[in-house]
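As stored in my_file19.txt (compact mmCIF, C-alpha atoms):
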```txt
# COMPACT_ATOMS: atom_id res chain seq x y z
CA MET A 61 13.30 20.15 -27.75
CA ASN A 62 10.08 18.14 -27.87
CA GLY A 63 11.92 15.24 -29.50
CA ALA A 64 14.59 15.23 -26.79
CA MET A 65 11.92 15.32 -24.05
CA PHE A 66 10.04 12.45 -25.70
CA LYS A 67 13.24 10.38 -25.86
CA PHE A 68 13.98 11.11 -22.21
CA ILE A 69 10.46 10.09 -21.12
CA THR A 70 10.70 6.93 -23.24
CA TYR A 71 14.05 6.17 -21.61
CA LEU A 72 12.57 6.53 -18.12
CA GLN A 73 9.72 4.20 -19.06
CA ASP A 74 12.01 1.56 -20.59
CA SER A 75 11.75 -1.87 -18.94
CA GLU A 76 15.43 -2.52 -19.62
CA LEU A 77 16.32 0.41 -17.33
CA VAL A 78 14.48 -1.34 -14.49
CA ALA A 79 16.20 -4.65 -15.32
CA ARG A 80 19.62 -2.96 -15.24
CA PHE A 81 18.84 -1.47 -11.83
CA GLN A 82 17.83 -4.92 -10.56
CA ARG A 83 21.08 -6.43 -11.82
CA LYS A 84 23.10 -3.62 -10.22
CA CYS A 85 21.40 -4.51 -6.93
CA GLY A 86 22.14 -8.23 -7.31
CA LEU A 87 18.81 -9.47 -8.66
CA PHE A 88 19.27 -11.56 -11.81
CA ALA A 89 16.96 -13.55 -14.06
CA VAL A 90 18.24 -17.11 -14.47
CA GLU A 91 19.41 -17.78 -18.01
CA ASP A 92 16.94 -19.79 -20.11
CA GLU A 93 19.46 -22.51 -20.95
CA HIS A 94 20.38 -22.96 -17.30
CA ARG A 95 16.72 -23.04 -16.29
CA ARG A 96 15.82 -25.58 -18.96
CA ALA A 97 18.68 -27.82 -17.86
CA CYS A 98 17.60 -27.59 -14.22
CA ASP A 99 13.97 -28.19 -15.18
CA LYS A 100 14.91 -31.30 -17.14
CA ALA A 101 17.01 -32.70 -14.30
CA HIS A 102 14.40 -32.00 -11.62
CA LEU A 103 11.56 -33.23 -13.82
CA THR A 104 13.33 -36.53 -14.40
CA GLU A 105 14.04 -36.90 -10.68
CA ASP A 106 10.50 -35.96 -9.65
CA TYR A 107 8.87 -38.36 -12.10
CA ARG A 108 11.13 -41.10 -10.81
CA ASN A 109 10.27 -40.50 -7.14
CA HIS A 110 6.67 -39.20 -7.17
CA ASP A 111 3.32 -39.79 -8.80
CA THR A 112 3.12 -37.83 -12.03
CA THR A 113 -0.23 -36.26 -11.14
CA SER A 114 1.00 -34.71 -7.90
CA ASN A 115 2.31 -31.20 -7.40
CA ALA A 116 5.71 -32.64 -6.59
CA ALA A 117 6.03 -33.75 -10.22
CA LEU A 118 6.27 -30.15 -11.36
CA PRO A 119 9.72 -28.73 -12.12
CA ARG A 120 11.26 -26.91 -9.21
CA SER A 121 11.43 -23.69 -11.20
CA ARG A 122 7.60 -23.80 -11.30
CA ARG A 123 7.04 -24.80 -7.68
CA GLY A 124 8.56 -21.90 -5.72
CA ASN A 125 11.78 -21.06 -3.95
CA GLY A 126 14.88 -23.16 -3.68
CA HIS A 127 18.68 -22.85 -3.60
CA LEU A 128 21.20 -23.00 -6.38
CA GLN A 129 24.96 -22.71 -5.77
CA GLY A 130 24.39 -21.00 -2.44
CA GLN A 131 22.18 -18.26 -3.88
CA LEU A 132 18.53 -17.46 -3.27
CA ILE A 133 16.35 -18.71 -6.09
CA GLY A 134 12.74 -17.85 -6.80
CA ALA A 135 10.18 -18.00 -9.57
CA GLU A 136 7.69 -15.37 -10.64
CA ASP A 137 4.01 -16.13 -10.78
CA HIS A 138 3.32 -14.24 -14.01
CA SER A 139 5.28 -13.64 -17.17
CA GLY A 140 5.03 -11.20 -20.00
CA SER A 141 3.53 -7.76 -19.74
CA SER A 142 1.60 -6.66 -16.70
CA ASN A 143 -2.07 -5.78 -16.78
CA TYR A 144 -2.98 -9.36 -17.70
CA LYS A 145 -6.65 -10.29 -17.98
CA ASP A 146 -8.08 -12.14 -15.03
CA GLU A 147 -9.38 -15.63 -15.75
CA MET A 148 -12.22 -15.31 -13.24
CA ASN A 149 -13.57 -12.42 -15.27
CA GLY A 150 -13.72 -14.71 -18.27
CA ASN A 151 -10.55 -13.18 -19.70
CA LYS A 152 -7.27 -14.73 -20.61
CA VAL A 153 -4.55 -15.14 -17.99
CA ASP A 154 -0.91 -15.12 -19.00
CA ALA A 155 1.22 -18.19 -18.48
CA PRO A 156 1.63 -18.81 -14.76
CA SER A 157 5.37 -19.06 -14.73
CA GLY A 158 7.80 -16.22 -15.35
CA PRO A 159 11.59 -15.99 -15.32
CA GLN A 160 13.35 -17.60 -12.39
CA TYR A 161 15.62 -15.28 -10.48
CA GLN A 162 18.78 -15.31 -8.39
CA VAL A 163 19.46 -13.02 -5.44
CA ARG A 164 23.16 -12.28 -5.16
CA ASN A 165 22.89 -9.44 -2.65
CA VAL A 166 20.73 -10.68 0.23
CA LEU A 167 21.08 -7.41 2.20
CA LEU A 168 19.57 -5.30 -0.58
CA TYR A 169 16.95 -7.97 -1.24
CA TYR A 170 15.53 -7.75 2.27
CA LEU A 171 16.09 -3.99 2.54
CA PHE A 172 13.94 -3.33 -0.53
CA LEU A 173 11.29 -5.90 0.42
CA VAL A 174 10.91 -4.22 3.82
CA SER A 175 10.87 -0.80 2.13
CA ALA A 176 8.14 -1.97 -0.25
CA GLY A 177 6.16 -3.05 2.80
CA LEU A 178 5.99 0.60 3.89
CA GLY A 179 3.39 1.05 1.16
CA GLN A 180 1.25 -1.95 2.09
CA GLU A 181 -1.93 -2.16 4.16
CA VAL A 182 -0.12 -3.81 7.07
CA PHE A 183 2.01 -0.65 7.44
CA TYR A 184 -0.92 1.76 7.27
CA ILE A 185 -3.00 -0.21 9.77
CA SER A 186 -0.10 -0.19 12.24
CA PHE A 187 1.96 2.99 11.74
CA LEU A 188 -0.86 5.55 11.44
CA PRO A 189 -2.87 4.32 14.47
CA CYS A 190 0.32 4.04 16.54
CA ILE A 191 0.93 7.74 15.91
CA HIS A 192 -2.58 8.39 17.23
CA TRP A 193 -2.19 6.21 20.34
CA ASN A 194 1.41 6.98 21.28
CA LEU A 195 2.31 10.45 20.03
CA ASP A 196 -0.33 12.90 18.85
CA PRO A 197 -3.82 12.36 17.33
CA PHE A 198 -3.37 15.71 15.55
CA LEU A 199 -0.48 14.28 13.52
CA CYS A 200 -2.43 11.11 12.72
CA ARG A 201 -5.34 13.21 11.46
CA ARG A 202 -3.06 15.21 9.17
CA LEU A 203 -1.42 12.06 7.84
CA VAL A 204 -4.72 10.26 7.17
CA ASN A 205 -6.15 13.32 5.40
CA MET A 206 -3.16 13.72 3.10
CA TRP A 207 -2.78 9.98 2.51
CA THR A 208 -6.44 9.71 1.49
CA VAL A 209 -6.21 12.57 -0.99
CA VAL A 210 -2.99 11.50 -2.72
CA MET A 211 -3.96 7.85 -2.90
CA TYR A 212 -7.36 8.54 -4.43
CA ILE A 213 -5.85 10.85 -7.05
CA GLY A 214 -3.05 8.38 -7.75
CA GLN A 215 -5.38 5.41 -8.18
CA VAL A 216 -7.70 7.31 -10.51
CA LEU A 217 -4.78 8.60 -12.58
CA LYS A 218 -3.55 5.02 -13.04
CA ASP A 219 -6.81 3.92 -14.57
CA MET A 220 -7.16 7.06 -16.68
CA LEU A 221 -3.63 7.04 -18.11
CA LYS A 222 -3.56 3.22 -18.52
CA MET A 223 0.22 3.07 -18.84
CA PRO A 224 1.58 -0.50 -18.55
CA ARG A 225 3.94 -1.76 -15.91
CA PRO A 226 7.44 -2.94 -16.90
CA LEU A 227 7.64 -6.02 -19.13
CA SER A 228 8.79 -9.38 -17.78
CA PRO A 229 11.19 -10.42 -19.19
CA PRO A 230 13.55 -8.59 -19.02
CA VAL A 231 12.31 -7.41 -15.61
CA VAL A 232 12.06 -9.79 -12.66
CA LYS A 233 8.77 -9.23 -10.79
CA LEU A 234 8.75 -10.04 -7.09
CA GLU A 235 5.09 -9.12 -6.53
CA THR A 236 1.96 -10.30 -8.31
CA ARG A 237 -1.07 -9.05 -6.36
CA VAL A 238 -1.27 -5.71 -8.18
CA ASN A 239 0.07 -6.99 -11.48
CA ALA A 240 -3.29 -6.33 -13.17
CA GLU A 241 -3.11 -2.65 -12.22
CA TYR A 242 -1.63 0.00 -14.46
CA GLY A 243 1.68 1.60 -13.60
CA MET A 244 1.68 5.39 -13.83
CA PRO A 245 1.92 6.90 -11.23
CA SER A 246 3.42 4.75 -8.49
CA THR A 247 1.06 5.10 -5.53
CA HIS A 248 3.76 3.66 -3.26
CA ALA A 249 5.94 6.62 -4.21
CA MET A 250 3.03 9.02 -3.78
CA ALA A 251 2.05 7.67 -0.36
CA ALA A 252 5.61 7.54 0.97
CA THR A 253 6.37 11.10 -0.14
CA ALA A 254 3.09 12.41 1.26
CA ILE A 255 3.23 10.59 4.59
CA PHE A 256 6.84 11.22 5.53
CA PHE A 257 6.92 14.87 4.49
CA THR A 258 3.47 15.68 5.87
CA PHE A 259 4.64 14.17 9.15
CA LEU A 260 7.78 16.29 9.05
CA PHE A 261 6.09 19.62 8.30
CA SER A 262 3.22 19.02 10.73
CA ALA A 263 5.42 17.80 13.58
CA THR A 264 7.60 20.90 13.30
CA HIS A 265 4.82 22.99 14.87
CA ARG A 266 3.98 20.39 17.54
CA PHE A 267 7.28 19.05 18.87
CA GLN A 268 10.83 20.25 19.42
CA PHE A 269 13.33 18.35 17.29
CA GLN A 270 16.17 19.02 14.87
CA PHE A 271 14.52 19.76 11.54
CA GLU A 272 17.58 18.74 9.52
CA SER A 273 17.56 15.26 11.07
CA GLY A 274 13.85 14.91 10.33
CA LEU A 275 14.36 16.06 6.76
CA LEU A 276 17.16 13.54 6.23
CA LEU A 277 14.99 10.74 7.62
CA ALA A 278 12.03 11.72 5.40
CA VAL A 279 14.25 11.81 2.30
CA VAL A 280 15.87 8.44 3.07
CA LEU A 281 12.59 6.64 3.82
CA SER A 282 10.85 8.09 0.76
CA ALA A 283 13.79 7.21 -1.47
CA LEU A 284 13.88 3.63 -0.15
CA VAL A 285 10.19 3.12 -0.91
CA CYS A 286 10.60 4.61 -4.39
CA LEU A 287 13.66 2.49 -5.20
CA SER A 288 11.92 -0.62 -3.86
CA ARG A 289 9.31 -0.28 -6.63
CA LEU A 290 12.10 -0.52 -9.21
CA TYR A 291 13.78 -3.39 -7.39
CA THR A 292 10.57 -5.44 -7.16
CA GLY A 293 9.97 -4.79 -10.88
CA MET A 294 6.55 -3.24 -10.34
CA HIS A 295 7.21 0.24 -11.73
CA SER A 296 9.33 2.06 -14.25
CA ALA A 297 11.51 5.01 -13.28
CA LEU A 298 8.91 7.28 -14.91
CA ASP A 299 6.15 5.85 -12.69
CA VAL A 300 8.18 6.44 -9.53
CA ILE A 301 9.40 9.93 -10.40
CA GLY A 302 5.94 10.92 -11.58
CA GLY A 303 4.34 9.64 -8.38
CA ALA A 304 6.75 11.52 -6.12
CA LEU A 305 6.37 14.75 -8.09
CA ILE A 306 2.56 14.53 -8.04
CA SER A 307 2.64 14.19 -4.24
CA VAL A 308 4.97 17.16 -3.93
CA LEU A 309 2.64 19.23 -6.12
CA LEU A 310 -0.43 18.20 -4.09
CA MET A 311 1.32 19.09 -0.84
CA LEU A 312 2.35 22.50 -2.18
CA LEU A 313 -1.20 23.21 -3.33
CA THR A 314 -2.91 22.08 -0.13
CA TYR A 315 -0.40 23.18 2.54
CA PRO A 316 -1.81 26.73 2.92
CA ALA A 317 -5.27 25.25 3.66
CA TRP A 318 -4.24 22.58 6.18
CA ASP A 319 -5.14 24.61 9.28
CA ALA A 320 -8.43 25.88 7.84
CA PHE A 321 -9.42 22.35 6.83
CA ASP A 322 -8.61 21.11 10.35
CA ARG A 323 -11.01 23.62 11.88
CA LEU A 324 -13.73 22.81 9.37
CA GLN A 325 -13.27 19.06 9.83
CA LEU A 326 -13.54 19.28 13.63
CA THR A 327 -16.24 21.94 14.11
CA SER A 328 -18.63 21.98 11.15
CA PRO A 329 -21.95 20.21 11.86
CA LEU A 330 -21.88 18.90 8.28
CA SER A 331 -18.41 17.41 8.67
CA PRO A 332 -19.38 13.82 9.63
CA VAL A 333 -22.01 13.63 6.88
CA VAL A 334 -19.73 14.95 4.15
CA SER A 335 -16.77 12.89 5.36
CA VAL A 336 -18.76 9.66 4.94
CA VAL A 337 -21.10 10.36 2.01
CA LEU A 338 -18.54 11.96 -0.32
CA PRO A 339 -15.91 9.16 -0.04
CA PHE A 340 -18.61 6.51 -0.55
CA LEU A 341 -19.84 8.24 -3.72
CA LEU A 342 -16.27 8.54 -4.97
CA SER A 343 -15.75 4.82 -4.30
CA TYR A 344 -18.95 3.76 -6.03
CA SER A 345 -18.31 5.97 -9.07
CA TYR A 346 -14.73 4.77 -9.49
CA PRO A 347 -13.85 4.41 -13.20
CA GLU A 348 -14.71 1.05 -14.76
CA LEU A 349 -12.05 -1.01 -16.54
CA ASP A 350 -12.41 -3.72 -19.19
CA HIS A 351 -10.93 -6.21 -16.71
CA TYR A 352 -10.90 -6.66 -12.94
CA SER A 353 -8.24 -4.73 -11.07
CA THR A 354 -7.54 -4.30 -7.37
CA THR A 355 -7.50 -0.51 -7.73
CA ARG A 356 -11.21 0.00 -7.01
CA GLY A 357 -11.11 -2.20 -3.92
CA ASP A 358 -7.91 -0.60 -2.63
CA THR A 359 -9.28 2.88 -3.26
CA THR A 360 -12.49 2.01 -1.41
CA THR A 361 -10.41 0.74 1.52
CA ILE A 362 -8.44 3.98 1.69
CA LEU A 363 -11.51 6.19 1.41
CA GLY A 364 -13.26 4.10 4.06
CA VAL A 365 -10.39 4.56 6.51
CA GLY A 366 -10.35 8.29 5.79
CA ALA A 367 -14.12 8.56 6.28
CA GLY A 368 -14.12 6.68 9.57
CA CYS A 369 -11.18 8.60 11.00
CA SER A 370 -12.62 11.97 9.93
CA ALA A 371 -16.00 11.22 11.54
CA GLY A 372 -14.25 9.88 14.64
CA TYR A 373 -12.13 12.99 15.11
CA TRP A 374 -15.29 15.12 14.83
CA VAL A 375 -16.96 13.01 17.52
CA ASN A 376 -13.95 13.37 19.81
CA GLU A 377 -13.98 17.14 19.35
CA GLN A 378 -17.68 17.34 20.24
CA LEU A 379 -17.10 15.20 23.35
CA GLY A 380 -14.08 17.30 24.36
CA GLU A 381 -11.83 14.22 24.38
CA THR A 382 -9.24 14.76 21.68
CA PHE A 383 -6.43 13.00 23.61
CA GLU A 384 -3.97 15.51 22.17
CA PRO A 385 -0.92 16.62 24.19
CA GLN A 386 -1.30 19.87 26.10
CA GLY A 387 1.07 22.81 26.49
CA ASP A 388 2.65 25.64 24.57
CA PHE A 389 3.61 24.22 21.19
CA PRO A 390 6.10 23.12 20.12
CA ILE A 391 6.57 20.93 23.18
CA PRO A 392 9.47 18.56 23.95
CA LEU A 393 9.22 15.06 22.55
CA PRO A 394 8.05 12.45 25.08
CA PRO A 395 11.04 10.84 26.85
CA LEU A 396 11.92 7.34 25.66
CA THR A 397 12.02 5.58 29.03
CA TRP A 398 11.62 1.83 29.48
CA GLY A 399 8.23 2.44 31.06
CA ALA A 400 7.07 4.59 28.15
CA LEU A 401 8.29 2.01 25.64
CA LEU A 402 6.48 -0.76 27.50
CA LEU A 403 3.22 1.19 27.63
CA GLY A 404 3.54 2.25 23.99
CA GLY A 405 4.30 -1.29 22.86
CA THR A 406 1.36 -2.66 24.82
CA ARG A 407 -1.01 -0.07 23.37
CA SER A 408 0.26 -0.75 19.85
CA LEU A 409 0.01 -4.54 20.05
CA MET A 410 -3.40 -4.46 21.70
CA GLY A 411 -4.68 -1.75 19.35
CA VAL A 412 -3.54 -3.46 16.14
CA ALA A 413 -5.01 -6.76 17.35
CA LEU A 414 -8.35 -5.10 18.08
CA LEU A 415 -8.36 -3.34 14.71
CA LEU A 416 -7.64 -6.59 12.90
CA GLY A 417 -10.39 -8.28 14.88
CA THR A 418 -12.79 -5.45 14.07
CA ARG A 419 -11.94 -5.74 10.39
CA HIS A 420 -12.56 -9.49 10.39
CA VAL A 421 -15.91 -9.27 12.17
CA VAL A 422 -17.30 -6.32 10.19
CA LYS A 423 -16.02 -7.67 6.88
CA SER A 424 -17.65 -11.06 7.45
CA ALA A 425 -20.93 -9.55 8.64
CA SER A 426 -21.20 -6.96 5.87
CA LEU A 427 -20.23 -9.44 3.16
CA TRP A 428 -22.82 -11.94 4.44
CA ALA A 429 -25.54 -9.27 4.58
CA LEU A 430 -24.83 -7.96 1.08
CA CYS A 431 -24.61 -11.42 -0.47
CA SER A 432 -27.87 -12.38 1.22
CA TRP A 433 -29.53 -9.24 -0.11
CA HIS A 434 -28.28 -9.87 -3.66
CA GLN A 435 -28.81 -13.64 -3.36
CA ALA A 436 -25.19 -14.34 -4.20
CA CYS A 437 -22.57 -16.74 -2.85
CA ALA A 438 -20.11 -15.04 -0.49
CA GLY A 439 -17.49 -17.70 -1.15
CA ASP A 440 -17.34 -16.91 -4.87
CA ALA A 441 -14.49 -14.56 -5.76
CA ARG A 442 -16.46 -13.20 -8.72
CA THR A 443 -19.27 -12.22 -6.35
CA ARG A 444 -16.93 -10.26 -4.09
CA ARG A 445 -15.67 -8.35 -7.14
CA ARG A 446 -19.08 -7.03 -8.16
CA ARG A 447 -19.32 -3.28 -7.63
CA GLU A 448 -22.57 -3.45 -5.64
CA ILE A 449 -20.92 -5.86 -3.20
CA GLU A 450 -17.23 -4.96 -3.18
CA VAL A 451 -17.65 -1.24 -2.59
CA PRO A 452 -20.24 -1.35 0.26
CA TYR A 453 -18.59 -4.17 2.19
CA LYS A 454 -15.08 -2.72 1.98
CA PHE A 455 -16.22 0.82 2.69
CA THR A 456 -18.29 -0.28 5.69
CA THR A 457 -15.47 -2.44 7.03
CA TYR A 458 -12.82 0.23 6.94
CA THR A 459 -15.09 3.07 8.03
CA VAL A 460 -15.79 1.09 11.21
CA VAL A 461 -12.05 0.39 11.58
CA GLY A 462 -11.38 4.14 11.37
CA LEU A 463 -14.08 4.91 13.96
CA VAL A 464 -12.79 2.27 16.38
CA ASN A 465 -9.26 3.61 16.01
CA THR A 466 -10.13 7.23 16.67
CA VAL A 467 -13.02 7.01 19.15
CA LEU A 468 -12.99 3.76 21.11
CA LEU A 469 -9.42 2.58 21.55
CA ASN A 470 -8.04 5.57 23.46
CA LYS A 471 -11.03 5.33 25.81
CA ALA A 472 -10.29 1.64 26.30
CA PHE A 473 -6.61 2.36 26.95
CA ARG A 474 -7.56 4.93 29.59
CA LEU A 475 -9.94 2.51 31.31
CA LEU A 476 -7.18 -0.11 31.38
CA GLY A 477 -4.65 2.36 32.77
CA LEU A 478 -2.54 2.29 29.61
CA LEU A 479 -2.97 5.98 28.75
```

Rewritten as structure tokens:
Amino acid sequence: MNGAMFKFITYLQDSELVARFQRKCGLFAVEDEHRRACDKAHLTEDYRNHDTTSNAALPRSRRGNGHLQGQLIGAEDHSGSSNYKDEMNGNKVDAPSGPQYQVRNVLLYYLFLVSAGLGQEVFYISFLPCIHWNLDPFLCRRLVNMWTVVMYIGQVLKDMLKMPRPLSPPVVKLETRVNAEYGMPSTHAMAATAIFFTFLFSATHRFQFQFESGLLLAVVLSALVCLSRLYTGMHSALDVIGGALISVLLMLLTYPAWDAFDRLQLTSPLSPVVSVVLPFLLSYSYPELDHYSTTRGDTTTILGVGAGCSAGYWVNEQLGETFEPQGDFPIPLPPLTWGALLLGGTRSLMGVALLLGTRHVVKSASLWALCSWHQACAGDARTRRRREIEVPYKFTTYTVVGLVNTVLLNKAFRLLGLL
């Protein structure tokens, strides 16, 4: 029994399983012989037409995207196993060029790239606030709370388990930013499962809608995000399944306490202190690795957003301005009229622009202040990666972003007649 389970787990972690899935979806690594022939031809042509010291003299397979026989062609930025050592930390970096790839199913290519984007910062900084501004701040609060918990646990588990990402080759990797992170569990899978199903179960008590349709939508969106992590070559099947199951377990364990936590978060006089101090301590005490990874910075960002939003919701409750819909719940969903869509779109565009502006200003100011204090150069990437600089500046930046989102923007919308 144990042997069979071990074989099954090994099978789910196999890089070749991910590569087969990519090929089934029309994503192929270009054969070495074909790539060498193309490199030789392009190298000869480039040396003939350009100065040999310029970037143009590099083979096309090492310069970026192109076209070959009517198919999309790209090149990876890193080869070999993931979790490479970062050169700026004084460690070795793998060769900068990985297998070239062909995209033979453009529809699936863009579908999975968009789905993968549902786990990126640009999605969180737009979708979650838009729920607050256009639907119900109660739902946004629930989503931010659950997202913060599952993401922190997922990030810490990655760096405790230290399980590698799929190997390349045979896998084609379409992303490189988080390549130095470990794989298990997939935090994209965790976040998608937590956000979509927390939204579903929380909205059931707030709005009137067909639960079956909501359940189908939550399943489809979660599945797309999970499958996108296989398609982009960033996770094994074990990483994705493990991430989704961990989120389900966390939701089952915390669901009975959601209402009690809401009351405590909004009414306790200690709530704003705990909601800021505890996440900062968790960020600063994040486990150290033997090489630089984006996990600590990303975790600090998430905890900062959670801290700012939590403190902001407490402030709104004390001021008696929660901006939540009124009535006997569940209430009908707001009608989708052209006027409502125009107002909602205006609030969303203006709100996201103001949040991005807030992030830029606070990030620049906090980074300058910290670097001045520590007598370090703010333009040096190694400086920004130091714990005593990275954690405070990112936590401050995103705590302020969370406060602006929850406290100031709805007031501004009301003053402008947009709410």

Task: Expected answer as a list in words: all residues with atoms within 10 Å of (14.3, -0.8, 0.4), all atoms listed in the file - done: Leu167, Leu168, Tyr169, Tyr170, Leu171, Phe172, Leu173, Val174, Ser175, Ala176, Gly177, Leu178, Val280, Leu281, Ser282, Ala283, Leu284, Val285, Cys286, Leu287, Ser288, Arg289, Leu290, Tyr291 and Thr292 of chain A

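Around the point (6.5, -2.9, -12.5), within 9 Å and counting only C-alpha atoms, we find these residues: A:Ser75, A:Val78, A:Ser142, A:Pro224, A:Arg225, A:Pro226, A:Leu227, A:Ser228, A:Val231, A:Val232, A:Lys233, A:Glu235, A:Asn239, A:Tyr242, A:Gly243, A:Arg289, A:Leu290, A:Tyr291, A:Thr292, A:Gly293, A:Met294, A:His295, A:Ser296, A:Asp299.
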
Can I get the selected residues back with C-alpha atoms, as a PDB file, keeping the file's coordinate frame?
```
ATOM      1  CA  SER A  75      11.750  -1.870 -18.940  1.00  0.00           C
ATOM      2  CA  VAL A  78      14.480  -1.340 -14.490  1.00  0.00           C
ATOM      3  CA  SER A 142       1.600  -6.660 -16.700  1.00  0.00           C
ATOM      4  CA  PRO A 224       1.580  -0.500 -18.550  1.00  0.00           C
ATOM      5  CA  ARG A 225       3.940  -1.760 -15.910  1.00  0.00           C
ATOM      6  CA  PRO A 226       7.440  -2.940 -16.900  1.00  0.00           C
ATOM      7  CA  LEU A 227       7.640  -6.020 -19.130  1.00  0.00           C
ATOM      8  CA  SER A 228       8.790  -9.380 -17.780  1.00  0.00           C
ATOM      9  CA  VAL A 231      12.310  -7.410 -15.610  1.00  0.00           C
ATOM     10  CA  VAL A 232      12.060  -9.790 -12.660  1.00  0.00           C
ATOM     11  CA  LYS A 233       8.770  -9.230 -10.790  1.00  0.00           C
ATOM     12  CA  GLU A 235       5.090  -9.120  -6.530  1.00  0.00           C
ATOM     13  CA  ASN A 239       0.070  -6.990 -11.480  1.00  0.00           C
ATOM     14  CA  TYR A 242      -1.630   0.000 -14.460  1.00  0.00           C
ATOM     15  CA  GLY A 243       1.680   1.600 -13.600  1.00  0.00           C
ATOM     16  CA  ARG A 289       9.310  -0.280  -6.630  1.00  0.00           C
ATOM     17  CA  LEU A 290      12.100  -0.520  -9.210  1.00  0.00           C
ATOM     18  CA  TYR A 291      13.780  -3.390  -7.390  1.00  0.00           C
ATOM     19  CA  THR A 292      10.570  -5.440  -7.160  1.00  0.00           C
ATOM     20  CA  GLY A 293       9.970  -4.790 -10.880  1.00  0.00           C
ATOM     21  CA  MET A 294       6.550  -3.240 -10.340  1.00  0.00           C
ATOM     22  CA  HIS A 295       7.210   0.240 -11.730  1.00  0.00           C
ATOM     23  CA  SER A 296       9.330   2.060 -14.250  1.00  0.00           C
ATOM     24  CA  ASP A 299       6.150   5.850 -12.690  1.00  0.00           C
TER      25      ASP A 299
END
```

- [ ] Tell me which of A:Phe259, A:Tyr212, A:Tyr161, A:Trp193 sits closest to Thr247 in chain A, counting all atoms listed in the file.
- [x] A:Tyr212

Task: Distance in Å - CA of Asp219 in chain A versus CA of Asp350 in chain A - done: 10.5 Å

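Distances to Phe256 in chain A were evaluated for A:Tyr71, A:Phe187, A:Leu403, A:Gly302 using only C-alpha atoms, and the minimum falls at A:Phe187.
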
Task: Residues near Gln378 in chain A, cut-off 12 Å, all atoms listed in the file, skip fewer than 6 positions along chain, as a PyMOL selection string - done: chain A and resi 325-329+331-332+371-372+467

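Rounded to one decimal, CA of Ala89 in chain A and CA of Gln162 in chain A lie 6.2 Å from each other.
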
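Residue nearest Val365 in chain A, chosen from A:Ala436, A:Ala320, A:Leu415, A:Leu379 and counting all atoms listed in the file: A:Leu415.
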